[in-house]
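Asks: Input file: my_file23.pdb. Contents: PDB, C-alpha atoms and all ligand atoms.
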```
ATOM      1  CA  MET A   1      26.863  34.818 -18.120  1.00  0.00           C
ATOM      2  CA  LYS A   2      23.391  33.900 -19.222  1.00  0.00           C
ATOM      3  CA  CYS A   3      22.066  30.358 -19.307  1.00  0.00           C
ATOM      4  CA  SER A   4      18.758  28.796 -20.219  1.00  0.00           C
ATOM      5  CA  ASN A   5      16.592  27.326 -17.500  1.00  0.00           C
ATOM      6  CA  ARG A   6      17.438  23.810 -18.599  1.00  0.00           C
ATOM      7  CA  VAL A   7      21.173  24.423 -18.592  1.00  0.00           C
ATOM      8  CA  CYS A   8      20.929  26.095 -15.191  1.00  0.00           C
ATOM      9  CA  LEU A   9      19.015  23.101 -13.877  1.00  0.00           C
ATOM     10  CA  ALA A  10      21.723  20.795 -15.183  1.00  0.00           C
ATOM     11  CA  VAL A  11      24.418  22.898 -13.491  1.00  0.00           C
ATOM     12  CA  VAL A  12      22.574  22.886 -10.154  1.00  0.00           C
ATOM     13  CA  LEU A  13      21.951  19.138 -10.227  1.00  0.00           C
ATOM     14  CA  SER A  14      25.552  18.464 -11.186  1.00  0.00           C
ATOM     15  CA  ALA A  15      26.731  20.639  -8.301  1.00  0.00           C
ATOM     16  CA  MET A  16      24.527  18.633  -5.912  1.00  0.00           C
ATOM     17  CA  CYS A  17      26.062  15.422  -7.172  1.00  0.00           C
ATOM     18  CA  PHE A  18      29.616  16.672  -6.836  1.00  0.00           C
ATOM     19  CA  ALA A  19      28.832  18.014  -3.331  1.00  0.00           C
ATOM     20  CA  SER A  20      27.647  14.556  -2.283  1.00  0.00           C
ATOM     21  CA  VAL A  21      30.669  12.793  -3.713  1.00  0.00           C
ATOM     22  CA  GLY A  22      33.096  15.420  -2.496  1.00  0.00           C
ATOM     23  CA  ASN A  23      31.986  15.119   1.139  1.00  0.00           C
ATOM     24  CA  ALA A  24      34.043  11.977   1.525  1.00  0.00           C
ATOM     25  CA  ALA A  25      35.951  12.952   4.665  1.00  0.00           C
ATOM     26  CA  PHE A  26      35.398  10.958   7.825  1.00  0.00           C
ATOM     27  CA  ILE A  27      34.468  12.972  10.902  1.00  0.00           C
ATOM     28  CA  GLU A  28      34.262  12.197  14.607  1.00  0.00           C
ATOM     29  CA  VAL A  29      30.606  11.433  15.313  1.00  0.00           C
ATOM     30  CA  ALA A  30      30.508  10.199  18.927  1.00  0.00           C
ATOM     31  CA  GLU A  31      31.376  13.229  21.060  1.00  0.00           C
ATOM     32  CA  GLY A  32      28.373  14.788  22.735  1.00  0.00           C
ATOM     33  CA  THR A  33      25.991  11.923  21.933  1.00  0.00           C
ATOM     34  CA  ASP A  34      22.878  12.019  24.083  1.00  0.00           C
ATOM     35  CA  ASP A  35      22.782   9.673  27.055  1.00  0.00           C
ATOM     36  CA  SER A  36      19.661   7.994  25.655  1.00  0.00           C
ATOM     37  CA  LEU A  37      21.685   6.671  22.708  1.00  0.00           C
ATOM     38  CA  ILE A  38      24.310   5.042  24.930  1.00  0.00           C
ATOM     39  CA  GLY A  39      24.051   1.733  26.734  1.00  0.00           C
ATOM     40  CA  ALA A  40      26.482   0.134  29.174  1.00  0.00           C
ATOM     41  CA  THR A  41      26.969  -2.149  32.130  1.00  0.00           C
ATOM     42  CA  SER A  42      25.989  -0.206  35.257  1.00  0.00           C
ATOM     43  CA  SER A  43      28.652   2.279  36.209  1.00  0.00           C
ATOM     44  CA  PHE A  44      30.877   2.618  39.247  1.00  0.00           C
ATOM     45  CA  GLY A  45      30.354   5.679  41.447  1.00  0.00           C
ATOM     46  CA  SER A  46      30.094   8.934  39.526  1.00  0.00           C
ATOM     47  CA  THR A  47      31.380   7.576  36.208  1.00  0.00           C
ATOM     48  CA  PRO A  48      28.296   7.556  33.963  1.00  0.00           C
ATOM     49  CA  LYS A  49      28.312   5.966  30.505  1.00  0.00           C
ATOM     50  CA  ALA A  50      28.134   9.337  28.751  1.00  0.00           C
ATOM     51  CA  ASN A  51      31.505  10.268  30.284  1.00  0.00           C
ATOM     52  CA  ALA A  52      33.088   8.237  27.483  1.00  0.00           C
ATOM     53  CA  VAL A  53      31.934  10.781  24.890  1.00  0.00           C
ATOM     54  CA  ASP A  54      32.064  14.070  26.818  1.00  0.00           C
ATOM     55  CA  GLY A  55      35.247  15.207  25.095  1.00  0.00           C
ATOM     56  CA  ASP A  56      37.251  15.107  28.340  1.00  0.00           C
ATOM     57  CA  LEU A  57      39.961  12.428  28.659  1.00  0.00           C
ATOM     58  CA  SER A  58      40.017  12.819  32.443  1.00  0.00           C
ATOM     59  CA  THR A  59      36.360  11.850  32.970  1.00  0.00           C
ATOM     60  CA  PRO A  60      35.906   8.092  32.504  1.00  0.00           C
ATOM     61  CA  TYR A  61      33.067   5.671  32.304  1.00  0.00           C
ATOM     62  CA  ALA A  62      33.860   2.725  34.586  1.00  0.00           C
ATOM     63  CA  SER A  63      31.764  -0.409  34.886  1.00  0.00           C
ATOM     64  CA  ASN A  64      30.705  -1.542  38.328  1.00  0.00           C
ATOM     65  CA  THR A  65      31.695  -5.175  38.007  1.00  0.00           C
ATOM     66  CA  SER A  66      34.670  -7.491  38.173  1.00  0.00           C
ATOM     67  CA  GLY A  67      33.191  -9.508  35.319  1.00  0.00           C
ATOM     68  CA  THR A  68      32.547  -8.847  31.666  1.00  0.00           C
ATOM     69  CA  SER A  69      31.286  -5.415  30.659  1.00  0.00           C
ATOM     70  CA  PHE A  70      30.026  -3.598  27.611  1.00  0.00           C
ATOM     71  CA  TRP A  71      29.609  -0.026  26.390  1.00  0.00           C
ATOM     72  CA  ARG A  72      27.495   0.752  23.297  1.00  0.00           C
ATOM     73  CA  ILE A  73      26.660   3.833  21.264  1.00  0.00           C
ATOM     74  CA  SER A  74      24.042   4.287  18.560  1.00  0.00           C
ATOM     75  CA  LEU A  75      25.062   6.539  15.689  1.00  0.00           C
ATOM     76  CA  GLU A  76      21.423   6.981  14.616  1.00  0.00           C
ATOM     77  CA  GLY A  77      21.477   5.596  11.093  1.00  0.00           C
ATOM     78  CA  ASP A  78      23.958   3.712   8.964  1.00  0.00           C
ATOM     79  CA  HIS A  79      27.516   4.975   8.933  1.00  0.00           C
ATOM     80  CA  LEU A  80      30.606   3.921   7.036  1.00  0.00           C
ATOM     81  CA  ILE A  81      33.064   3.328   9.886  1.00  0.00           C
ATOM     82  CA  ASP A  82      36.730   4.230   9.464  1.00  0.00           C
ATOM     83  CA  GLU A  83      38.266   4.021  12.969  1.00  0.00           C
ATOM     84  CA  VAL A  84      37.368   3.682  16.616  1.00  0.00           C
ATOM     85  CA  ILE A  85      39.797   5.314  19.030  1.00  0.00           C
ATOM     86  CA  PHE A  86      39.616   4.859  22.782  1.00  0.00           C
ATOM     87  CA  TRP A  87      41.441   5.823  25.940  1.00  0.00           C
ATOM     88  CA  GLY A  88      41.388   3.982  29.246  1.00  0.00           C
ATOM     89  CA  ARG A  89      41.407   5.397  32.731  1.00  0.00           C
ATOM     90  CA  ASP A  90      44.639   6.917  33.888  1.00  0.00           C
ATOM     91  CA  HIS A  91      45.084   7.679  37.530  1.00  0.00           C
ATOM     92  CA  GLY A  92      48.751   6.885  37.433  1.00  0.00           C
ATOM     93  CA  THR A  93      48.414   3.255  38.454  1.00  0.00           C
ATOM     94  CA  GLU A  94      48.809   0.217  36.263  1.00  0.00           C
ATOM     95  CA  SER A  95      45.805  -1.504  37.870  1.00  0.00           C
ATOM     96  CA  VAL A  96      43.505   1.268  36.683  1.00  0.00           C
ATOM     97  CA  ARG A  97      45.031   1.413  33.226  1.00  0.00           C
ATOM     98  CA  ASN A  98      44.425  -2.336  33.020  1.00  0.00           C
ATOM     99  CA  ARG A  99      40.695  -1.705  32.762  1.00  0.00           C
ATOM    100  CA  THR A 100      41.062  -1.785  28.986  1.00  0.00           C
ATOM    101  CA  ASN A 101      42.638  -5.257  28.865  1.00  0.00           C
ATOM    102  CA  ASN A 102      40.830  -8.030  26.998  1.00  0.00           C
ATOM    103  CA  ILE A 103      38.348  -6.006  24.984  1.00  0.00           C
ATOM    104  CA  VAL A 104      36.901  -6.239  21.501  1.00  0.00           C
ATOM    105  CA  VAL A 105      35.396  -3.497  19.353  1.00  0.00           C
ATOM    106  CA  GLN A 106      32.335  -4.400  17.294  1.00  0.00           C
ATOM    107  CA  VAL A 107      30.353  -2.708  14.546  1.00  0.00           C
ATOM    108  CA  ARG A 108      26.711  -3.784  14.609  1.00  0.00           C
ATOM    109  CA  ASP A 109      23.833  -3.078  12.253  1.00  0.00           C
ATOM    110  CA  VAL A 110      20.480  -1.568  13.180  1.00  0.00           C
ATOM    111  CA  GLY A 111      19.250  -5.002  14.259  1.00  0.00           C
ATOM    112  CA  ASN A 112      22.269  -5.349  16.587  1.00  0.00           C
ATOM    113  CA  THR A 113      23.866  -8.069  14.447  1.00  0.00           C
ATOM    114  CA  VAL A 114      27.665  -7.949  14.502  1.00  0.00           C
ATOM    115  CA  VAL A 115      28.975  -7.003  11.060  1.00  0.00           C
ATOM    116  CA  TRP A 116      32.627  -6.654  12.115  1.00  0.00           C
ATOM    117  CA  GLU A 117      34.632  -7.446  15.227  1.00  0.00           C
ATOM    118  CA  SER A 118      38.241  -6.677  16.111  1.00  0.00           C
ATOM    119  CA  ASP A 119      40.731  -9.157  17.468  1.00  0.00           C
ATOM    120  CA  VAL A 120      40.953  -9.247  21.261  1.00  0.00           C
ATOM    121  CA  LEU A 121      42.757  -6.043  22.120  1.00  0.00           C
ATOM    122  CA  LEU A 122      45.317  -5.552  24.865  1.00  0.00           C
ATOM    123  CA  PRO A 123      45.093  -9.138  26.163  1.00  0.00           C
ATOM    124  CA  TRP A 124      46.713 -10.360  29.333  1.00  0.00           C
ATOM    125  CA  ASP A 125      48.488 -13.706  29.453  1.00  0.00           C
ATOM    126  CA  GLY A 126      45.314 -15.585  30.401  1.00  0.00           C
ATOM    127  CA  VAL A 127      46.935 -17.410  33.339  1.00  0.00           C
ATOM    128  CA  ASP A 128      47.494 -15.037  36.228  1.00  0.00           C
ATOM    129  CA  PRO A 129      44.832 -12.299  36.577  1.00  0.00           C
ATOM    130  CA  LEU A 130      47.392 -10.114  38.324  1.00  0.00           C
ATOM    131  CA  ASP A 131      49.932 -10.533  35.564  1.00  0.00           C
ATOM    132  CA  LYS A 132      48.306  -8.243  33.064  1.00  0.00           C
ATOM    133  CA  ILE A 133      50.013  -6.213  30.425  1.00  0.00           C
ATOM    134  CA  ASP A 134      49.853  -2.494  31.154  1.00  0.00           C
ATOM    135  CA  PRO A 135      48.035  -1.237  28.035  1.00  0.00           C
ATOM    136  CA  GLY A 136      48.867   2.387  28.731  1.00  0.00           C
ATOM    137  CA  PHE A 137      46.344   5.202  28.667  1.00  0.00           C
ATOM    138  CA  GLY A 138      45.961   5.498  24.892  1.00  0.00           C
ATOM    139  CA  PRO A 139      44.968   6.570  22.385  1.00  0.00           C
ATOM    140  CA  HIS A 140      44.312   3.036  21.219  1.00  0.00           C
ATOM    141  CA  VAL A 141      43.475   3.219  17.522  1.00  0.00           C
ATOM    142  CA  VAL A 142      41.312   0.449  16.055  1.00  0.00           C
ATOM    143  CA  ASP A 143      41.261   0.541  12.263  1.00  0.00           C
ATOM    144  CA  VAL A 144      37.995  -0.737  10.817  1.00  0.00           C
ATOM    145  CA  PRO A 145      38.429  -2.218   7.308  1.00  0.00           C
ATOM    146  CA  ASP A 146      37.114  -0.323   4.287  1.00  0.00           C
ATOM    147  CA  GLY A 147      33.438  -0.754   3.493  1.00  0.00           C
ATOM    148  CA  ILE A 148      32.143  -1.686   6.950  1.00  0.00           C
ATOM    149  CA  VAL A 149      28.733  -0.058   7.514  1.00  0.00           C
ATOM    150  CA  GLY A 150      26.847  -0.129  10.805  1.00  0.00           C
ATOM    151  CA  GLU A 151      24.717   1.862  13.212  1.00  0.00           C
ATOM    152  CA  ASN A 152      26.061   0.756  16.599  1.00  0.00           C
ATOM    153  CA  ILE A 153      29.559   0.578  18.044  1.00  0.00           C
ATOM    154  CA  VAL A 154      30.112  -1.796  20.955  1.00  0.00           C
ATOM    155  CA  ILE A 155      33.179  -2.142  23.164  1.00  0.00           C
ATOM    156  CA  ARG A 156      33.130  -5.315  25.229  1.00  0.00           C
ATOM    157  CA  LYS A 157      35.453  -6.599  27.925  1.00  0.00           C
ATOM    158  CA  ILE A 158      35.194 -10.264  27.082  1.00  0.00           C
ATOM    159  CA  GLN A 159      36.884 -11.969  29.982  1.00  0.00           C
ATOM    160  CA  ALA A 160      36.280 -11.644  33.710  1.00  0.00           C
ATOM    161  CA  ASP A 161      39.707 -10.754  35.022  1.00  0.00           C
ATOM    162  CA  GLY A 162      38.888  -9.187  38.340  1.00  0.00           C
ATOM    163  CA  ASP A 163      38.463  -5.640  37.052  1.00  0.00           C
ATOM    164  CA  GLY A 164      35.724  -3.677  35.394  1.00  0.00           C
ATOM    165  CA  MET A 165      36.123  -1.775  32.134  1.00  0.00           C
ATOM    166  CA  GLY A 166      37.241   1.833  32.101  1.00  0.00           C
ATOM    167  CA  LEU A 167      36.973   4.204  29.144  1.00  0.00           C
ATOM    168  CA  GLY A 168      38.250   7.725  29.473  1.00  0.00           C
ATOM    169  CA  GLU A 169      36.962   8.604  26.024  1.00  0.00           C
ATOM    170  CA  VAL A 170      35.770   6.948  22.813  1.00  0.00           C
ATOM    171  CA  GLN A 171      35.907   8.472  19.357  1.00  0.00           C
ATOM    172  CA  VAL A 172      34.163   7.073  16.284  1.00  0.00           C
ATOM    173  CA  TRP A 173      35.440   8.333  12.932  1.00  0.00           C
ATOM    174  CA  ALA A 174      32.723   7.684  10.371  1.00  0.00           C
ATOM    175  CA  MET A 175      30.581   9.036   7.552  1.00  0.00           C
ATOM    176  CA  ALA A 176      26.792   8.931   7.440  1.00  0.00           C
ATOM    177  CA  VAL A 177      25.395   6.768   4.639  1.00  0.00           C
ATOM    178  CA  PRO A 178      22.564   8.534   2.773  1.00  0.00           C
ATOM    179  CA  GLU A 179      19.076   7.068   3.094  1.00  0.00           C
ATOM    180  CA  PRO A 180      18.028   5.024   0.032  1.00  0.00           C
ATOM    181  CA  SER A 181      15.606   7.786  -0.982  1.00  0.00           C
ATOM    182  CA  SER A 182      18.493  10.274  -1.024  1.00  0.00           C
ATOM    183  CA  VAL A 183      20.584   7.930  -3.155  1.00  0.00           C
ATOM    184  CA  VAL A 184      17.708   7.628  -5.636  1.00  0.00           C
ATOM    185  CA  LEU A 185      17.394  11.416  -5.790  1.00  0.00           C
ATOM    186  CA  ILE A 186      21.130  11.866  -6.297  1.00  0.00           C
ATOM    187  CA  GLY A 187      21.123   9.194  -9.012  1.00  0.00           C
ATOM    188  CA  LEU A 188      18.140  10.835 -10.681  1.00  0.00           C
ATOM    189  CA  GLY A 189      19.853  14.190 -10.517  1.00  0.00           C
ATOM    190  CA  ALA A 190      22.994  12.783 -12.118  1.00  0.00           C
ATOM    191  CA  SER A 191      21.000  11.149 -14.918  1.00  0.00           C
ATOM    192  CA  VAL A 192      19.066  14.328 -15.688  1.00  0.00           C
ATOM    193  CA  ALA A 193      22.259  16.385 -15.618  1.00  0.00           C
ATOM    194  CA  VAL A 194      23.992  14.050 -18.075  1.00  0.00           C
ATOM    195  CA  ILE A 195      20.994  13.986 -20.443  1.00  0.00           C
ATOM    196  CA  LEU A 196      20.581  17.776 -20.424  1.00  0.00           C
ATOM    197  CA  SER A 197      24.281  18.435 -20.827  1.00  0.00           C
ATOM    198  CA  ARG A 198      24.305  16.150 -23.923  1.00  0.00           C
ATOM    199  CA  ARG A 199      21.212  17.787 -25.417  1.00  0.00           C
ATOM    200  CA  TRP A 200      22.505  21.308 -24.894  1.00  0.00           C
ATOM    201  CA  ARG A 201      26.082  20.736 -25.926  1.00  0.00           C
TER     202      ARG A 201
HETATM  203 CA    CA B   1      35.531  11.470  29.154  1.00  0.00          CA
HETATM  204 CA    CA B   2      39.573   2.215   8.314  1.00  0.00          CA
END
```
Here is the file; what I need is its structure written in the form of structure tokens.
Ligand SMILES: [Ca+2]
Ligand SMILES: [Ca+2]

Replies:
Amino acid sequence: MKCSNRVCLAVVLSAMCFASVGNAAFIEVAEGTDDSLIGATSSFGSTPKANAVDGDLSTPYASNTSGTSFWRISLEGDHLIDEVIFWGRDHGTESVRNRTNNIVVQVRDVGNTVVWESDVLLPWDGVDPLDKIDPGFGPHVVDVPDGIVGENIVIRKIQADGDGMGLGEVQVWAMAVPEPSSVVLIGLGASVAVILSRRWR
């Protein structure tokens, strides 16, 4: 089938637009993230912060404190966040599984401002530090509401309860948000495609 240059241009631009819109599936973006993009409270023994995204549920990050702790990952650019899924540490004892009690998950923007925060997850009763609820190993699925965009994901243990925080693995299901310049180009492409398709109908 032959087509004029203008019609071909319209077809190509339209295809680009549909490709952008059609790539709407969320993917897991945290696994394998470089250590330099991860921050955390200092770790216990040989449980470095990057262990939480090494793809291996049996290798945890564990904070070296009995107080509050945090673990943070940069996604390098704005992302539409769908879900955060995490696992704790599981060495067969409730006390180790408890290292995911009393935590919140946050989405933060590039300036580190919190744009969304979960409820307190897996809380204990707040009275007796030894009377915690066994949260189990996981997966613990945290649904982030539609439309939340951020660059950093933070998991914080918010209450000193005698144990550090342990994360066997963290997954972030998200979709990169195009840079403004890309959006302008896509919009321009769509406009040109519509104009040319009308003229050559
Ligand atoms: Ca791991
Ligand atoms: Ca969601």

Asks: Assuming the chain letters and numbering stay as they are in my file, what does the PyMOL selection byres (((chain A and resi 34) around 12) and not hetatm) actually select? List them as a PyMOL selection string.

Replies: chain A and resi 29-33+35-39+49-54+73-76

Asks: Using the chain letters and numbers from the file, give me the residues hit by the PyMOL selection byres (((not hetatm)) within 9 of (chain B and resi 1)), as an MDAnalysis selection string.

Replies: chainID A and resid 50:61 87 167:170

Asks: Quick one: residues within 8 Å of (31.7, -9.5, 32.6) (file frame), counting only C-alpha atoms, please, as a list of chain:residue names.

Replies: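 Residues with an atom at most 8 Å from (31.7, -9.5, 32.6): A:Thr65, A:Ser66, A:Gly67, A:Thr68, A:Ser69, A:Phe70, A:Lys157, A:Ile158, A:Gln159, A:Ala160, A:Gly164.
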
Asks: Selection in question (the file shown): the PyMOL selection byres (((chain A and resi 96-113) around 9) and not hetatm). Which residues does it include, as number ranges by chain?

Replies: A: 62, 74, 76-78, 81, 84, 87-95, 114-124, 132-137, 142, 144, 148-161, 163-167

Asks: Which residues of chain A come within 6 Å of ligand CA 2 (chain B), and what is each one's closest atom pair and distance in Å (one decimal), counting only C-alpha atoms and all ligand atoms, sorted by chain and residue number, as JSON lines?

Replies:
```
{"residue": "A:Asp82", "atom": "CA", "partner": "B:CA2", "partner_atom": "CA", "distance": 3.7}
{"residue": "A:Glu83", "atom": "CA", "partner": "B:CA2", "partner_atom": "CA", "distance": 5.2}
{"residue": "A:Asp143", "atom": "CA", "partner": "B:CA2", "partner_atom": "CA", "distance": 4.6}
{"residue": "A:Val144", "atom": "CA", "partner": "B:CA2", "partner_atom": "CA", "distance": 4.2}
{"residue": "A:Pro145", "atom": "CA", "partner": "B:CA2", "partner_atom": "CA", "distance": 4.7}
{"residue": "A:Asp146", "atom": "CA", "partner": "B:CA2", "partner_atom": "CA", "distance": 5.4}
```

Asks: Restricting the calculation to all atoms listed in the file: of A:Arg72, A:Glu179, A:Ile27, A:Asn64, which residue gets closest to Ala40 (chain A)?

Replies: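 Ranking A:Arg72, A:Glu179, A:Ile27, A:Asn64 by distance to Ala40 (chain A), first place goes to A:Arg72.
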
Asks: Just the number, please: distance in Å from CA of Pro178 (chain A) to CA of His79 (chain A), one decimal.

Replies: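 So the answer is 8.7 Å.
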
Asks: Just the number, please: distance in Å from CA of Gly187 (chain A) to CA of Met175 (chain A), one decimal.

Replies: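 These atoms are spaced 19.1 Å apart.
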
Asks: Using the file's own x, y and z axes, what box holds all listed atoms of region 27-32 of chain A with 3 Å on each side, keeping edges along x, y and z, and what are its centre and edge lengths in Å to one decimal, as JSON?

Replies:
```
{"center_x": 31.4, "center_y": 12.5, "center_z": 16.8, "size_x": 12.1, "size_y": 10.6, "size_z": 17.8}
```

Asks: Hey, can you check how far CA of Ser63 (chain A) sits from CA of Phe86 (chain A)?

Replies: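 For CA of Ser63 (chain A) relative to CA of Phe86 (chain A), the distance reads 15.4 Å.
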
Asks: Nearest to Val141 (chain A) among A:Ser42, A:Thr47, A:Ser182, A:Gln171, with distances taken over only C-alpha atoms: which residue is it?

Replies: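 Smallest distance to Val141 (chain A) is found for A:Gln171.
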